[in-house]
Amino acid sequence: MKKKDIIAGIVVLLSISVLSGFLLAQAYRLTKPKIEEQKKIEEERLNREIFNEGIKFSQDKVKERPCTAVYKENGELAGWIFDLKTTGYGGNILIKAGFDSDMKIRGIRILEHTETPGLGSKITDTKFLGQFKGMEPSVLYLKKDKSEGLIDGITGATISSRAVTESVRKLQEELE
Amino acid sequence: MKKIIEPKNLMLGIWKENPIFYLMLGLCPLLAVSGSLRDALGMGAAFIFVLLGSNITVSVIRKIVPAHVRIPVFIVVIATFVSVIDYSLAAFSPQLHKNLGVYLPLMVVNCILLGRAEAFASKNNVINSALDGIGMGIGFTMAILIIASIRELLGQGTLFGINMLGDNYLPFLIMIMPPGAFIVIGFLIAIKNSIGGKKKC
């Protein structure tokens, strides 16, 4: 290969890379505020879904655990929302667990997950998550894992359903 | 010599040289994202955009890129378009971005994109390359939509998330898993070959 060809190759590859780097920086700059906004919207949407009467959300701590305290319109405390992180089948699962002011489970939502689409991804369905409302730690097991368990796992996604159930139960035991 | 505009380049990717059913390229995102129609539609749209963009760009720069650095240059071009789509979806359609997950950034190493850049856009003018990009993109989108509708209907009993087969329908689990996609693709290729345009060995 001639020296000229090598230099031509370097120049072309370098200038294409610089140009593309510049374009990417612009695209990133333009979309970044919007992406962060979307993340916040999603979190707030889930918080509101758990506590539909919630008006004010503020940082709080319960038994040394950081959480979000939720207040009603009349200023009364409605409950707390805890952020949980656990490992499912395909990676981390981020869970939002809402508790009433008397520490009963109010509602569970999944913020982020990378479970198998169509199987483990069903942990976000209300059919699965709806079962947690008002449950005690003693019955927070999958039916197939323990005879007292009251949670129906998802067909073909036992690991994902177990991960969510265990993580919520452990939090509840800790808070008691 | 080649004409400036050849409309047949558009049709080639849609039917005769369909990237999935004839070239059999890009099967990885196909297996992964064809479990539900909504995700398949998003993937198809992102795919058309990237393929069109990379084909046009590669064709524009084809005369100044020395042969020995063409592959890295093509990859950089493709990666740029993929990242732009990745950011835009995260910003404007977070749900879809979530569902496509890792398969969106993985488009960088998708063989349809590199294959069309190398086999077509680096040898043809901009208009024909754009036609080829659109044609191949539509061909891919059609293929993924057909496969996704079969898989979603059999695997979950729904289409676009709407229940079609009633509550008593017992879904085929295998249809939502990757092997289900292979089975469906196999049947569809057999059907396409029996209609015409059989692949010659």
# chains A, B, ... in the order shown; residues from 1 in each chain; ligands from 1
>>> interface_residues(of="chain A", to="chain B", cutoff="6 Å", atoms="only C-alpha atoms", output="list in words")
Gly9, Leu13, Thr31, Lys34 and Ile35 of chain A
>>> write_last_selection(atoms="N, CA and C atoms", output="compact mmCIF listing (two decimals), in the first residue's frame")
# COMPACT_ATOMS: atom_id res chain seq x y z
N GLY A 9 -6.62 7.43 3.74
CA GLY A 9 -7.52 6.66 4.61
C GLY A 9 -7.66 7.30 5.98
N LEU A 13 -11.23 8.84 7.39
CA LEU A 13 -11.83 8.23 8.58
C LEU A 13 -11.90 9.24 9.72
N THR A 31 -31.63 16.58 22.99
CA THR A 31 -32.61 15.65 23.56
C THR A 31 -32.46 15.47 25.06
N LYS A 34 -35.12 16.83 27.50
CA LYS A 34 -36.38 16.12 27.26
C LYS A 34 -36.34 14.71 27.87
N ILE A 35 -35.19 14.04 27.74
CA ILE A 35 -35.07 12.68 28.28
C ILE A 35 -35.20 12.70 29.80
>>> residues_around(residues="Met11 of chain B", least_positions_apart="6", cutoff="10 Å", atoms="only C-alpha atoms", output="list in words")
Glu17, Asn18, Leu131, Asp132, Ile134, Gly135, Met136, Ile138 and Gly139 of chain B
>>> write_last_selection(atoms="N, CA and C atoms", output="short mmCIF file (atom, residue, chain, number, x, y, z; two decimals), in the first residue's frame")
data_model
loop_
_atom_site.label_atom_id
_atom_site.label_comp_id
_atom_site.auth_asym_id
_atom_site.auth_seq_id
_atom_site.Cartn_x
_atom_site.Cartn_y
_atom_site.Cartn_z
N GLU B 17 -36.00 -9.50 -3.28
CA GLU B 17 -34.81 -9.66 -2.45
C GLU B 17 -35.07 -9.19 -1.02
N ASN B 18 -36.25 -9.49 -0.53
CA ASN B 18 -36.61 -9.10 0.84
C ASN B 18 -35.50 -9.47 1.84
N LEU B 131 -33.67 4.89 -2.84
CA LEU B 131 -34.76 3.96 -3.20
C LEU B 131 -34.50 2.58 -2.59
N ASP B 132 -33.26 2.14 -2.70
CA ASP B 132 -32.90 0.84 -2.14
C ASP B 132 -33.12 0.84 -0.62
N ILE B 134 -35.19 2.72 1.16
CA ILE B 134 -36.63 2.70 1.48
C ILE B 134 -37.21 1.31 1.22
N GLY B 135 -36.85 0.73 0.07
CA GLY B 135 -37.38 -0.58 -0.30
C GLY B 135 -37.00 -1.65 0.71
N MET B 136 -35.71 -1.70 1.05
CA MET B 136 -35.25 -2.70 2.02
C MET B 136 -35.90 -2.44 3.38
N ILE B 138 -38.82 -0.99 3.98
CA ILE B 138 -40.23 -1.42 3.96
C ILE B 138 -40.30 -2.94 3.97
N GLY B 139 -39.39 -3.58 3.22
CA GLY B 139 -39.37 -5.04 3.20
C GLY B 139 -39.16 -5.61 4.59
#
>>> closest_residue(among="B:Phe172, B:Phe21, B:Phe140, B:Tyr103", to="Ile191 of chain B", atoms="only C-alpha atoms")
B:Phe21
>>> select_by_dssp(residues="segment 17-84 of chain A", states="helix (DSSP H, G or I)", output="ChimeraX atom specification")
/A:17-50
>>> write_last_selection(atoms="C-alpha atoms", output="short mmCIF file (atom, residue, chain, number, x, y, z; two decimals), in the first residue's frame")
data_model
loop_
_atom_site.label_atom_id
_atom_site.label_comp_id
_atom_site.auth_asym_id
_atom_site.auth_seq_id
_atom_site.Cartn_x
_atom_site.Cartn_y
_atom_site.Cartn_z
CA SER A 17 -15.53 10.56 12.84
CA VAL A 18 -15.13 14.21 13.84
CA LEU A 19 -18.21 15.17 11.83
CA SER A 20 -20.25 12.38 13.35
CA GLY A 21 -19.01 13.23 16.84
CA PHE A 22 -20.15 16.79 16.32
CA LEU A 23 -23.59 15.68 15.10
CA LEU A 24 -23.99 13.34 18.05
CA ALA A 25 -23.05 16.04 20.52
CA GLN A 26 -25.75 18.25 19.03
CA ALA A 27 -28.34 15.48 19.10
CA TYR A 28 -27.44 14.71 22.72
CA ARG A 29 -27.62 18.35 23.74
CA LEU A 30 -31.01 18.78 22.10
CA THR A 31 -32.61 15.65 23.56
CA LYS A 32 -31.04 15.56 27.04
CA PRO A 33 -33.44 17.92 28.85
CA LYS A 34 -36.38 16.12 27.26
CA ILE A 35 -35.07 12.68 28.28
CA GLU A 36 -34.62 13.76 31.92
CA GLU A 37 -38.05 15.33 31.88
CA GLN A 38 -39.53 12.03 30.63
CA LYS A 39 -37.85 10.12 33.44
CA LYS A 40 -39.28 12.51 36.01
CA ILE A 41 -42.74 12.37 34.44
CA GLU A 42 -42.66 8.58 34.58
CA GLU A 43 -41.69 8.59 38.27
CA GLU A 44 -44.35 11.13 39.13
CA ARG A 45 -46.95 9.25 37.11
CA LEU A 46 -46.22 6.07 39.06
CA ASN A 47 -46.30 7.93 42.39
CA ARG A 48 -49.70 9.36 41.48
CA GLU A 49 -50.92 5.99 40.30
CA ILE A 50 -50.17 4.51 43.71
#
>>> residues_around(residues="segment 166-173 of chain A", least_positions_apart="4", cutoff="7 Å", atoms="only C-alpha atoms", output="PyMOL selection string")
chain A and resi 86+137+140+162
>>> residues_around(residues="Phe132 of chain A", least_positions_apart="6", cutoff="10 Å", atoms="only C-alpha atoms", output="ChimeraX atom specification")
/A:97,104-108,126,139-140,150-151,165,168-169
>>> closest_residue(among="A:Leu111, A:Ile154, A:Pro66, A:Ala163", to="Gly90 of chain A", atoms="only C-alpha atoms")
A:Ala163
>>> residues_around(residues="Leu77 of chain A", least_positions_apart="6", cutoff="7 Å", atoms="only C-alpha atoms", output="count of residues only")
3
>>> residues_around(residues="Asn110 of chain B", least_positions_apart="2", cutoff="12 Å", atoms="only C-alpha atoms", output="list in words")
Pro19, Met24, Leu25, Gly26, Leu27, Cys28, Pro29, Leu30, Phe47, Val50, Leu51, Phe74, Ile75, Ile78, Ala79, Val82, Tyr103, Leu104, Pro105, Leu106, Met107, Val108, Ile112, Leu113, Leu114, Gly115, Arg116 and Ala117 of chain B
>>> select_by_dssp(residues="segment 102-170 of chain B", states="strand (DSSP E or B)", output="mmCIF file with C-alpha atoms, in the first residue's frame")
data_model
loop_
_atom_site.group_PDB
_atom_site.id
_atom_site.type_symbol
_atom_site.label_atom_id
_atom_site.label_comp_id
_atom_site.auth_asym_id
_atom_site.auth_seq_id
_atom_site.Cartn_x
_atom_site.Cartn_y
_atom_site.Cartn_z
ATOM 1 C CA THR B 158 -53.866 -10.279 21.248
ATOM 2 C CA LEU B 159 -53.132 -7.864 18.397
ATOM 3 C CA ILE B 162 -56.157 -5.874 22.202
ATOM 4 C CA ASN B 163 -57.618 -9.219 23.162
#
>>> atom_distance(atom1="atom CA of Thr158 of chain A", atom2="atom CA of Leu142 of chain A")
8.6 Å
>>> atom_distance(atom1="atom CA of Lys63 of chain A", atom2="atom CA of Glu76 of chain A")
20.0 Å
>>> atom_distance(atom1="atom CA of Val58 of chain B", atom2="atom CA of Val109 of chain B")
15.7 Å
>>> decode(residues="segment 158-174 of chain B", atoms="N, CA and C atoms", output="compact mmCIF listing (two decimals), in the first residue's frame")
# COMPACT_ATOMS: atom_id res chain seq x y z
N THR B 158 -53.52 -11.69 21.44
CA THR B 158 -53.87 -10.28 21.25
C THR B 158 -53.26 -9.75 19.95
N LEU B 159 -53.76 -8.60 19.49
CA LEU B 159 -53.13 -7.86 18.40
C LEU B 159 -53.06 -6.41 18.84
N PHE B 160 -51.89 -5.79 18.77
CA PHE B 160 -51.68 -4.44 19.30
C PHE B 160 -52.16 -4.35 20.73
N GLY B 161 -52.02 -5.45 21.49
CA GLY B 161 -52.43 -5.45 22.89
C GLY B 161 -53.92 -5.61 23.12
N ILE B 162 -54.71 -5.72 22.04
CA ILE B 162 -56.16 -5.87 22.20
C ILE B 162 -56.50 -7.36 22.13
N ASN B 163 -57.27 -7.81 23.09
CA ASN B 163 -57.62 -9.22 23.16
C ASN B 163 -58.47 -9.63 21.95
N MET B 164 -57.98 -10.65 21.21
CA MET B 164 -58.69 -11.06 19.99
C MET B 164 -59.36 -12.42 20.15
N LEU B 165 -58.79 -13.28 20.97
CA LEU B 165 -59.24 -14.67 20.97
C LEU B 165 -60.02 -15.04 22.23
N GLY B 166 -60.40 -14.06 23.04
CA GLY B 166 -61.20 -14.37 24.22
C GLY B 166 -60.36 -14.81 25.40
N ASP B 167 -60.95 -14.81 26.60
CA ASP B 167 -60.21 -15.09 27.82
C ASP B 167 -59.87 -16.56 27.97
N ASN B 168 -60.60 -17.42 27.26
CA ASN B 168 -60.35 -18.85 27.44
C ASN B 168 -59.21 -19.36 26.58
N TYR B 169 -58.66 -18.47 25.74
CA TYR B 169 -57.59 -18.89 24.86
C TYR B 169 -56.33 -19.19 25.67
N LEU B 170 -55.77 -20.37 25.48
CA LEU B 170 -54.54 -20.75 26.17
C LEU B 170 -53.36 -20.50 25.23
N PRO B 171 -52.51 -19.49 25.54
CA PRO B 171 -51.47 -19.10 24.57
C PRO B 171 -50.37 -20.16 24.41
N PHE B 172 -49.80 -20.20 23.21
CA PHE B 172 -48.61 -21.02 22.96
C PHE B 172 -47.44 -20.26 23.55
N LEU B 173 -46.86 -20.74 24.62
CA LEU B 173 -45.74 -20.00 25.21
C LEU B 173 -44.58 -19.86 24.23
N ILE B 174 -44.37 -20.93 23.45
CA ILE B 174 -43.17 -20.94 22.59
C ILE B 174 -43.20 -19.81 21.57
